[in-house]
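Engineer: My structure is in protein-v8.txt, and what it holds is compact mmCIF, C-alpha atoms:
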# COMPACT_ATOMS: atom_id res chain seq x y z
CA MET A 26 -1.33 11.86 -1.64
CA ARG A 27 -2.31 8.22 -1.04
CA ALA A 28 -1.41 6.47 2.20
CA THR A 29 -2.27 3.37 4.20
CA LEU A 30 -4.69 3.70 7.11
CA ILE A 31 -5.73 1.04 9.60
CA TYR A 32 -9.24 1.16 11.01
CA GLY A 33 -9.21 -1.93 13.19
CA ARG A 34 -8.71 -5.67 13.22
CA GLY A 35 -8.13 -6.82 9.63
CA ASP A 36 -9.23 -3.45 8.22
CA VAL A 37 -6.49 -1.74 6.18
CA ARG A 38 -7.35 0.82 3.51
CA VAL A 39 -5.51 3.16 1.15
CA GLU A 40 -7.01 6.65 1.10
CA ASP A 41 -6.21 10.25 0.24
CA VAL A 42 -4.46 12.19 3.02
CA PRO A 43 -2.92 15.67 3.11
CA ASP A 44 0.42 16.07 1.37
CA PRO A 45 3.32 16.47 3.84
CA VAL A 46 4.94 19.88 4.18
CA LEU A 47 8.08 21.16 5.84
CA VAL A 48 7.39 22.23 9.43
CA GLU A 49 10.81 22.59 11.07
CA PRO A 50 14.08 23.77 9.51
CA GLY A 51 15.56 20.31 10.13
CA ASP A 52 12.84 18.52 8.15
CA ALA A 53 13.07 16.81 4.78
CA LEU A 54 10.30 15.71 2.46
CA VAL A 55 10.84 12.24 1.00
CA ARG A 56 8.95 10.71 -1.92
CA VAL A 57 8.57 7.09 -0.90
CA THR A 58 9.78 4.56 -3.48
CA ARG A 59 9.66 1.40 -1.33
CA ALA A 60 8.09 0.46 1.99
CA CYS A 61 7.46 -2.75 3.92
CA VAL A 62 4.88 -4.49 6.03
CA CYS A 63 6.49 -5.30 9.38
CA GLY A 64 5.63 -8.20 11.65
CA SER A 65 4.89 -5.66 14.37
CA ASP A 66 2.30 -4.04 12.07
CA LEU A 67 0.41 -7.31 12.31
CA HIS A 68 -0.08 -6.86 16.07
CA ARG A 69 -2.56 -4.07 15.36
CA TYR A 70 -3.91 -5.84 12.30
CA ARG A 71 -4.79 -8.83 14.48
CA GLY A 72 -6.02 -7.09 17.59
CA MET A 73 -6.80 -3.39 17.16
CA GLU A 74 -10.22 -2.19 18.25
CA PRO A 75 -12.16 -0.31 15.54
CA VAL A 76 -11.66 3.45 15.22
CA ALA A 77 -13.80 5.97 13.38
CA GLU A 78 -10.85 7.68 11.72
CA GLY A 79 -8.07 5.56 10.30
CA LEU A 80 -4.60 5.63 11.82
CA ARG A 81 -1.45 5.95 9.73
CA ILE A 82 0.85 2.95 9.66
CA GLY A 83 4.30 1.89 8.44
CA HIS A 84 7.84 2.52 9.66
CA GLU A 85 10.15 0.88 7.09
CA PHE A 86 10.73 2.90 3.94
CA MET A 87 13.12 4.61 1.56
CA GLY A 88 12.80 7.17 -1.18
CA VAL A 89 14.02 10.31 -2.88
CA VAL A 90 14.46 13.68 -1.16
CA GLU A 91 12.03 16.20 -2.65
CA ASP A 92 12.74 19.21 -0.42
CA THR A 93 14.67 20.15 2.71
CA GLY A 94 14.45 22.68 5.49
CA ALA A 95 16.96 25.48 5.85
CA ASP A 96 19.09 23.65 8.43
CA VAL A 97 19.50 20.35 6.60
CA ARG A 98 23.07 19.73 5.46
CA SER A 99 23.54 15.98 4.91
CA VAL A 100 21.09 15.45 2.04
CA LYS A 101 19.68 17.45 -0.82
CA ARG A 102 16.91 17.28 -3.39
CA GLY A 103 17.27 14.20 -5.58
CA ASP A 104 19.26 12.09 -3.11
CA VAL A 105 18.17 8.48 -2.63
CA VAL A 106 17.83 7.79 1.10
CA LEU A 107 17.06 4.99 3.51
CA VAL A 108 14.80 5.77 6.47
CA PRO A 109 15.33 3.81 9.72
CA PHE A 110 12.30 2.71 11.71
CA LEU A 111 12.88 5.48 14.29
CA TRP A 112 13.68 9.10 13.56
CA THR A 113 16.51 10.50 15.70
CA ASP A 114 18.94 13.39 15.92
CA ASN A 115 21.87 10.89 16.09
CA THR A 116 23.81 13.40 18.21
CA CYS A 117 22.30 13.44 21.72
CA ASP A 118 23.92 11.59 24.61
CA PHE A 119 21.58 8.62 24.27
CA CYS A 120 22.28 8.30 20.53
CA ARG A 121 26.01 8.54 21.19
CA ASP A 122 25.60 5.66 23.64
CA GLY A 123 23.80 3.60 20.98
CA LEU A 124 20.38 4.08 22.55
CA HIS A 125 18.58 5.65 19.62
CA GLY A 126 15.24 4.46 20.95
CA SER A 127 15.76 6.91 23.82
CA CYS A 128 16.81 9.85 21.62
CA ARG A 129 15.98 13.13 23.37
CA ASN A 130 14.72 14.64 20.12
CA GLY A 131 13.45 11.60 18.25
CA GLY A 132 10.35 9.50 17.94
CA ARG A 133 8.29 6.96 16.02
CA TRP A 134 6.59 7.12 12.66
CA ALA A 135 2.82 7.39 12.19
CA VAL A 136 2.12 8.92 15.62
CA ASN A 137 1.32 12.45 16.78
CA GLY A 138 0.34 13.55 13.30
CA LEU A 139 3.53 12.32 11.64
CA ASP A 140 3.39 10.42 8.36
CA GLY A 141 3.70 6.67 8.20
CA GLY A 142 6.01 4.90 5.82
CA GLN A 143 3.28 3.15 3.84
CA GLY A 144 2.33 6.08 1.67
CA GLU A 145 3.50 8.13 -1.28
CA ALA A 146 5.51 10.65 0.73
CA ALA A 147 6.57 11.53 4.26
CA ARG A 148 7.92 14.41 6.29
CA VAL A 149 11.14 13.32 8.01
CA PRO A 150 12.04 15.25 11.18
CA GLN A 151 15.70 15.47 12.21
CA ALA A 152 16.69 14.68 8.63
CA ASP A 153 20.43 15.04 9.24
CA GLY A 154 20.34 12.50 12.03
CA THR A 155 17.79 10.15 10.49
CA LEU A 156 18.38 9.77 6.78
CA VAL A 157 21.10 7.57 5.31
CA LYS A 158 22.18 8.63 1.82
CA LEU A 159 22.46 5.66 -0.55
CA PRO A 160 24.89 5.20 -3.45
CA VAL A 161 22.34 3.22 -5.50
CA GLY A 162 19.32 4.11 -7.60
CA VAL A 163 15.74 3.49 -6.56
CA ASP A 164 15.40 0.50 -8.91
CA ASP A 165 18.77 -1.11 -8.25
CA PRO A 166 18.56 -4.93 -7.86
CA LEU A 167 20.02 -4.51 -4.36
CA ILE A 168 17.04 -2.49 -3.13
CA PRO A 169 15.30 -5.40 -1.32
CA SER A 170 18.47 -6.03 0.69
CA VAL A 171 18.85 -2.32 1.35
CA MET A 172 15.26 -2.20 2.59
CA ALA A 173 16.04 -4.91 5.15
CA LEU A 174 18.37 -2.35 6.76
CA SER A 175 15.43 -0.14 7.70
CA ASP A 176 14.39 -2.47 10.53
CA VAL A 177 14.62 -6.26 10.43
CA LEU A 178 18.34 -6.72 9.77
CA PRO A 179 19.46 -4.20 12.43
CA THR A 180 16.99 -5.81 14.84
CA GLY A 181 18.38 -9.28 14.24
CA HIS A 182 21.90 -7.86 14.49
CA HIS A 183 20.98 -6.19 17.78
CA ALA A 184 19.86 -9.56 19.14
CA ALA A 185 23.19 -11.12 18.27
CA VAL A 186 25.26 -8.20 19.54
CA THR A 187 23.48 -7.83 22.88
CA ALA A 188 23.63 -11.60 23.43
CA ALA A 189 27.43 -11.36 22.96
CA VAL A 190 27.54 -13.73 19.98
CA GLY A 191 31.07 -14.11 18.65
CA LYS A 192 33.53 -16.46 17.00
CA GLY A 193 32.75 -20.06 17.91
CA SER A 194 29.45 -19.31 19.70
CA THR A 195 26.56 -21.74 20.02
CA VAL A 196 23.32 -19.84 19.43
CA ALA A 197 19.61 -20.66 19.53
CA VAL A 198 17.30 -18.42 17.50
CA ILE A 199 13.59 -18.55 18.37
CA GLY A 200 11.33 -17.60 15.47
CA ASP A 201 11.52 -18.06 11.70
CA GLY A 202 10.06 -14.68 10.76
CA ALA A 203 12.08 -11.92 9.11
CA VAL A 204 13.69 -10.85 12.40
CA GLY A 205 14.56 -14.42 13.35
CA LEU A 206 16.15 -15.06 9.96
CA SER A 207 18.01 -11.76 10.27
CA ALA A 208 19.27 -12.95 13.65
CA VAL A 209 20.54 -16.16 12.05
CA LEU A 210 22.34 -14.18 9.35
CA SER A 211 23.78 -11.82 11.96
CA ALA A 212 24.96 -14.61 14.24
CA ALA A 213 26.69 -16.28 11.30
CA ARG A 214 28.25 -12.97 10.29
CA LEU A 215 29.67 -12.56 13.81
CA GLY A 216 31.30 -15.97 13.68
CA ALA A 217 28.89 -18.32 15.46
CA GLU A 218 29.87 -21.96 14.97
CA ARG A 219 26.50 -23.54 15.69
CA ILE A 220 23.14 -21.85 15.09
CA VAL A 221 19.97 -23.72 16.04
CA LEU A 222 16.87 -22.19 14.42
CA LEU A 223 13.53 -22.93 16.09
CA GLY A 224 10.89 -22.70 13.36
CA ARG A 225 8.35 -24.90 11.66
CA HIS A 226 7.80 -23.33 8.23
CA ARG A 227 9.94 -25.22 5.73
CA ALA A 228 10.45 -22.42 3.19
CA ARG A 229 11.59 -20.10 5.96
CA THR A 230 13.86 -22.57 7.71
CA ASP A 231 15.41 -23.51 4.36
CA LEU A 232 16.29 -19.83 3.95
CA GLY A 233 17.57 -19.88 7.51
CA ARG A 234 19.95 -22.69 6.54
CA ARG A 235 21.20 -20.59 3.62
CA PHE A 236 21.75 -17.73 6.05
CA GLY A 237 23.83 -19.94 8.34
CA ALA A 238 21.61 -22.12 10.55
CA THR A 239 23.29 -25.46 11.24
CA ASP A 240 20.23 -27.11 12.82
CA VAL A 241 16.47 -26.63 12.55
CA VAL A 242 14.06 -27.55 15.34
CA PRO A 243 10.39 -27.58 14.19
CA GLU A 244 9.03 -28.75 17.56
CA ARG A 245 7.48 -26.28 19.99
CA GLY A 246 7.28 -25.87 23.75
CA GLU A 247 8.76 -28.58 25.95
CA GLU A 248 9.50 -30.78 22.94
CA ALA A 249 11.58 -27.99 21.37
CA VAL A 250 13.44 -27.46 24.65
CA ALA A 251 14.27 -31.16 24.84
CA VAL A 252 15.61 -31.24 21.27
CA VAL A 253 17.75 -28.12 21.70
CA ARG A 254 19.22 -29.46 24.92
CA GLU A 255 20.01 -32.76 23.23
CA LEU A 256 21.74 -30.88 20.41
CA THR A 257 23.81 -28.91 22.93
CA GLY A 258 24.99 -31.76 25.11
CA GLY A 259 22.22 -31.30 27.67
CA ASP A 260 23.24 -27.83 28.83
CA GLY A 261 21.44 -25.56 26.38
CA ALA A 262 22.73 -22.68 24.27
CA PRO A 263 24.81 -19.90 25.88
CA HIS A 264 23.32 -17.31 23.50
CA VAL A 265 19.54 -17.26 22.85
CA LEU A 266 17.91 -14.76 20.48
CA GLU A 267 14.16 -14.43 21.13
CA CYS A 268 12.67 -12.94 17.97
CA VAL A 269 8.93 -13.49 18.42
CA GLY A 270 7.72 -11.49 21.41
CA THR A 271 5.19 -13.89 22.97
CA THR A 272 5.08 -15.43 26.43
CA ALA A 273 5.51 -18.86 24.87
CA ALA A 274 8.66 -17.74 23.04
CA PHE A 275 10.15 -16.30 26.23
CA GLU A 276 9.36 -19.53 28.12
CA THR A 277 11.10 -21.46 25.35
CA ALA A 278 14.07 -19.14 25.66
CA LEU A 279 14.27 -19.86 29.38
CA GLY A 280 14.12 -23.56 28.59
CA VAL A 281 16.89 -23.65 25.99
CA VAL A 282 19.38 -21.20 27.52
CA ARG A 283 22.45 -22.56 29.30
CA ASP A 284 22.93 -21.57 32.94
CA GLY A 285 24.97 -18.38 32.96
CA GLY A 286 23.84 -17.64 29.42
CA THR A 287 22.14 -14.68 27.80
CA ILE A 288 18.66 -14.21 26.35
CA SER A 289 18.23 -11.26 24.03
CA ARG A 290 14.61 -10.22 23.49
CA VAL A 291 14.04 -8.29 20.28
CA GLY A 292 10.57 -9.49 19.28
CA VAL A 293 8.12 -6.70 20.07
CA PRO A 294 6.59 -7.98 23.34
CA GLN A 295 2.93 -8.91 23.30
CA TYR A 296 2.87 -9.56 27.04
CA THR A 297 3.24 -7.50 30.21
CA GLU A 298 4.49 -10.17 32.61
CA ALA A 299 7.26 -12.77 32.28
CA ARG A 300 8.62 -15.42 34.59
CA LEU A 301 11.74 -14.31 36.47
CA ASP A 302 11.22 -16.37 39.62
CA PHE A 303 13.63 -17.95 42.10
CA ASP A 304 14.52 -20.84 39.80
CA VAL A 305 15.46 -18.40 37.04
CA PHE A 306 17.37 -16.28 39.56
CA MET A 307 19.44 -19.28 40.61
CA ARG A 308 20.60 -19.85 37.01
CA ASN A 309 22.49 -16.52 36.73
CA LEU A 310 20.92 -15.62 33.41
CA THR A 311 21.28 -12.30 31.64
CA VAL A 312 18.14 -10.96 29.94
CA THR A 313 18.86 -8.16 27.49
CA GLY A 314 17.84 -6.89 24.06
CA GLY A 315 15.19 -4.26 23.43
CA VAL A 316 14.63 -1.86 20.56
CA ALA A 317 17.46 -1.85 18.03
CA PRO A 318 19.48 1.33 17.34
CA ALA A 319 19.15 0.86 13.58
CA ARG A 320 20.77 4.20 12.76
CA ARG A 321 23.87 3.05 14.64
CA TYR A 322 24.12 -0.29 12.84
CA ILE A 323 23.22 0.73 9.27
CA PRO A 324 26.65 2.16 8.33
CA GLU A 325 28.32 -1.04 9.56
CA LEU A 326 25.97 -3.33 7.61
CA LEU A 327 25.40 -1.28 4.45
CA GLY A 328 28.78 -2.01 2.88
CA GLU A 329 28.26 -5.77 3.13
CA VAL A 330 24.80 -5.42 1.60
CA LEU A 331 26.14 -3.35 -1.29
CA ASP A 332 29.00 -5.75 -2.07
CA GLY A 333 26.75 -8.81 -1.80
CA THR A 334 28.48 -10.33 1.23
CA ILE A 335 25.07 -10.62 2.88
CA THR A 336 21.76 -10.88 1.01
CA PRO A 337 18.89 -10.17 3.43
CA GLY A 338 16.70 -9.18 0.49
CA GLU A 339 16.01 -12.88 -0.03
CA MET A 340 13.44 -12.55 2.76
CA PHE A 341 11.13 -10.50 0.54
CA ASP A 342 8.88 -13.02 -1.18
CA LEU A 343 5.96 -10.78 -2.16
CA SER A 344 5.80 -7.35 -3.76
CA VAL A 345 2.58 -5.31 -3.99
CA ASP A 346 1.56 -1.89 -5.23
CA LEU A 347 0.35 0.59 -2.63
CA ASP A 348 -3.29 0.11 -3.64
CA ASP A 349 -2.89 -3.63 -2.96
CA VAL A 350 -1.34 -3.21 0.49
CA ALA A 351 -4.34 -4.87 2.17
CA ALA A 352 -3.51 -8.03 0.23
CA GLY A 353 0.05 -7.78 1.50
CA PHE A 354 -1.17 -7.61 5.10
CA ARG A 355 -3.42 -10.62 4.54
CA ALA A 356 -0.60 -12.63 3.00
CA MET A 357 1.72 -11.98 5.93
CA ASN A 358 -1.02 -12.55 8.48
CA ASP A 359 -1.92 -15.89 6.86
CA ARG A 360 1.78 -16.86 6.58
CA GLU A 361 1.54 -16.95 2.82
CA ALA A 362 4.37 -14.39 2.69
CA LEU A 363 7.43 -13.90 4.87
CA LYS A 364 8.10 -10.23 4.13
CA VAL A 365 6.15 -7.88 1.88
CA LEU A 366 7.68 -5.09 -0.19
CA ILE A 367 5.41 -2.18 -1.13
CA ARG A 368 5.88 -0.10 -4.28
CA PRO A 369 3.95 3.19 -3.94
Turn the structure described in the file into structure tokens.
Structural biologist:
Amino acid sequence: MRATLIYGRGDVRVEDVPDPVLVEPGDALVRVTRACVCGSDLHRYRGMEPVAEGLRIGHEFMGVVEDTGADVRSVKRGDVVLVPFLWTDNTCDFCRDGLHGSCRNGGRWAVNGLDGGQGEAARVPQADGTLVKLPVGVDDPLIPSVMALSDVLPTGHHAAVTAAVGKGSTVAVIGDGAVGLSAVLSAARLGAERIVLLGRHRARTDLGRRFGATDVVPERGEEAVAVVRELTGGDGAPHVLECVGTTAAFETALGVVRDGGTISRVGVPQYTEARLDFDVFMRNLTVTGGVAPARRYIPELLGEVLDGTITPGEMFDLSVDLDDVAAGFRAMNDREALKVLIRP
């Protein structure tokens, strides 16, 4: 089959790789019908050292079940399924506690010999716990919104949930990428009254307004902090959703959060140290977030996607065939596209 491989900084190729096969009785084989380029994929695209043999990539995808192992009960050949960005058993104690990233029997895509999502097919371990059967066809107009459930929408939702956003909340969202816009949508869905979106790309912030942002702050750094504090009566926002993952974004979060407030970090961190000094200690802040338990949130969000209550598929502004995936990476890297949909 054909699949995407990354060889280093800016070097993405589509090549022939071995077809996936069933290995464990809990496996399923899925023919991939849609995949995505994730913002976190760009971290490697921008900074990975060259390798002699390409590495598989991609963790957001959906498709049709082609075969199942003897122990699989929840899906069968021909079912259309969504694949979350982590594979999990969905039954262990960590999964039951909503900590699917810590699943005792789960893992990540495209590592340890496992297929990535950006290819023509994939072996799915723990199929009963991972796959979500869909009541729509592979070419349904709702598919872009369904694909947002694989990663970015649950991640934005996780930011809002862990930051305790609720009815009447004042929220600051840092970042106008797909996760940041998902956080805006999620905050609005949970009843936030004021949502301040920090972003400087007009097309994205306009979409953020459609998703529920009441204010847009294009400034950065200390200027952004000053504007947000002015908008919030000088105190800052009680709920801050950090959706970028850089040191600068975390510093901005510290600047705009109200004393006693909560910062939820869901942008994949690109730093190893962050400021949590005495001054921060004195403000009684809560810092939370982390990897989203997408498999936990998908059933809650799917119904509203299917009935059109929420339309996260509006984030997809570029669609490419698998052989053109390198162009999709370039477009996202150069900010010519917000979110790229791949059609194998």
Engineer: For range 139-154 of chain A, please output as a ChimeraX atom specification all residues within 7 Å (counting all atoms listed in the file; exclusion window: fewer than 2 positions along the same chain).
Structural biologist: /A:26-29,45-47,51-57,60,81-86,97-99,112-115,134-137,156,369
Engineer: What's around Val198 in chain A at 7 Å? Count all atoms listed in the file, leave out sequence neighbours fewer than 3 positions away in its own chain, and write the answer as an mmCIF file with C-alpha atoms, in the coordinates of the input.
Structural biologist:
data_model
loop_
_atom_site.group_PDB
_atom_site.id
_atom_site.type_symbol
_atom_site.label_atom_id
_atom_site.label_comp_id
_atom_site.auth_asym_id
_atom_site.auth_seq_id
_atom_site.Cartn_x
_atom_site.Cartn_y
_atom_site.Cartn_z
ATOM 1 C CA GLY A 205 14.560 -14.420 13.350
ATOM 2 C CA ALA A 208 19.270 -12.950 13.650
ATOM 3 C CA VAL A 209 20.540 -16.160 12.050
ATOM 4 C CA VAL A 221 19.970 -23.720 16.040
ATOM 5 C CA LEU A 222 16.870 -22.190 14.420
ATOM 6 C CA LEU A 223 13.530 -22.930 16.090
ATOM 7 C CA VAL A 265 19.540 -17.260 22.850
ATOM 8 C CA LEU A 266 17.910 -14.760 20.480
ATOM 9 C CA GLU A 267 14.160 -14.430 21.130
#
Engineer: Provide the CA of Ala352 in chain A to CA of Arg38 in chain A distance in Å, to one decimal place.
Structural biologist: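 Computing the Euclidean distance for CA of Ala352 in chain A and CA of Arg38 in chain A yields 10.2 Å.
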Engineer: Choose the residue, out of A:Pro294, A:Gly280, A:Pro109, A:Gly202, that has the smallest atom-to-atom separation from Ile323 in chain A; count all atoms listed in the file.
Structural biologist: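 Nearest to Ile323 in chain A: A:Pro109.
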Engineer: Which distance in Å separates CA of Leu159 in chain A and CA of Ile367 in chain A, to one decimal?
Structural biologist: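 Atom-to-atom, CA of Leu159 in chain A to CA of Ile367 in chain A, that is 18.8 Å.
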Engineer: List as a PyMOL selection string the residues having at least one atom at most 12 Å from position (11.6, -11.7, 16.1) as given in the file, counting only C-alpha atoms.
Structural biologist: chain A and resi 63-65+176-185+198-209+222-224+265-271+274-275+289-295+314-317
Engineer: Compile the contact shell of Leu256 in chain A as a ChimeraX atom specification: residues with an atom at most 12 Å away, counting only C-alpha atoms, same-chain residues fewer than 2 positions apart removed.
Structural biologist: /A:195-197,219-222,239-242,249-254,258-262,281
Engineer: Please measure the separation of CA of Asp302 in chain A and CA of Ser194 in chain A, giving the value in Å to one decimal.
Structural biologist: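 Taking CA of Asp302 in chain A as the start and CA of Ser194 in chain A as the end point, the length is 27.2 Å.
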Engineer: Would you mind telling me which residue in A:Asp332, A:Asp66, A:Asp346, A:Glu339 lies nearest to Asn358 in chain A when using only C-alpha atoms?
Structural biologist: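 Counting only C-alpha atoms, the residue closest to Asn358 in chain A is A:Asp66.
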Engineer: List the neighbours of Pro337 in chain A out to 9 Å using only C-alpha atoms; skip same-chain residues closer than 5 positions along the sequence, and give me the result as a ChimeraX atom specification.
Structural biologist: /A:169-174,178,206-207,210,236,330
Engineer: Choose the residue, out of A:Asp304, A:Asp231, A:Asp348, A:Glu329, that has the smallest atom-to-atom separation from Pro243 in chain A; count only C-alpha atoms.
Structural biologist: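 For Pro243 in chain A, the nearest of the given residues is A:Asp231.
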Engineer: I need the residue nearest Pro166 in chain A from this list: A:Gly333, A:Pro75, A:Leu67, A:Thr311. Use all atoms listed in the file for the distance.
Structural biologist: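 Under the stated criterion, the closest residue is A:Gly333.
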Engineer: Which one is closest to Ala273 in chain A: A:Arg225, A:Arg300, A:Gly353, A:Leu327? Count all atoms listed in the file.
Structural biologist: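 Looking only at the distances to Ala273 in chain A, the closest residue turns out to be A:Arg300.
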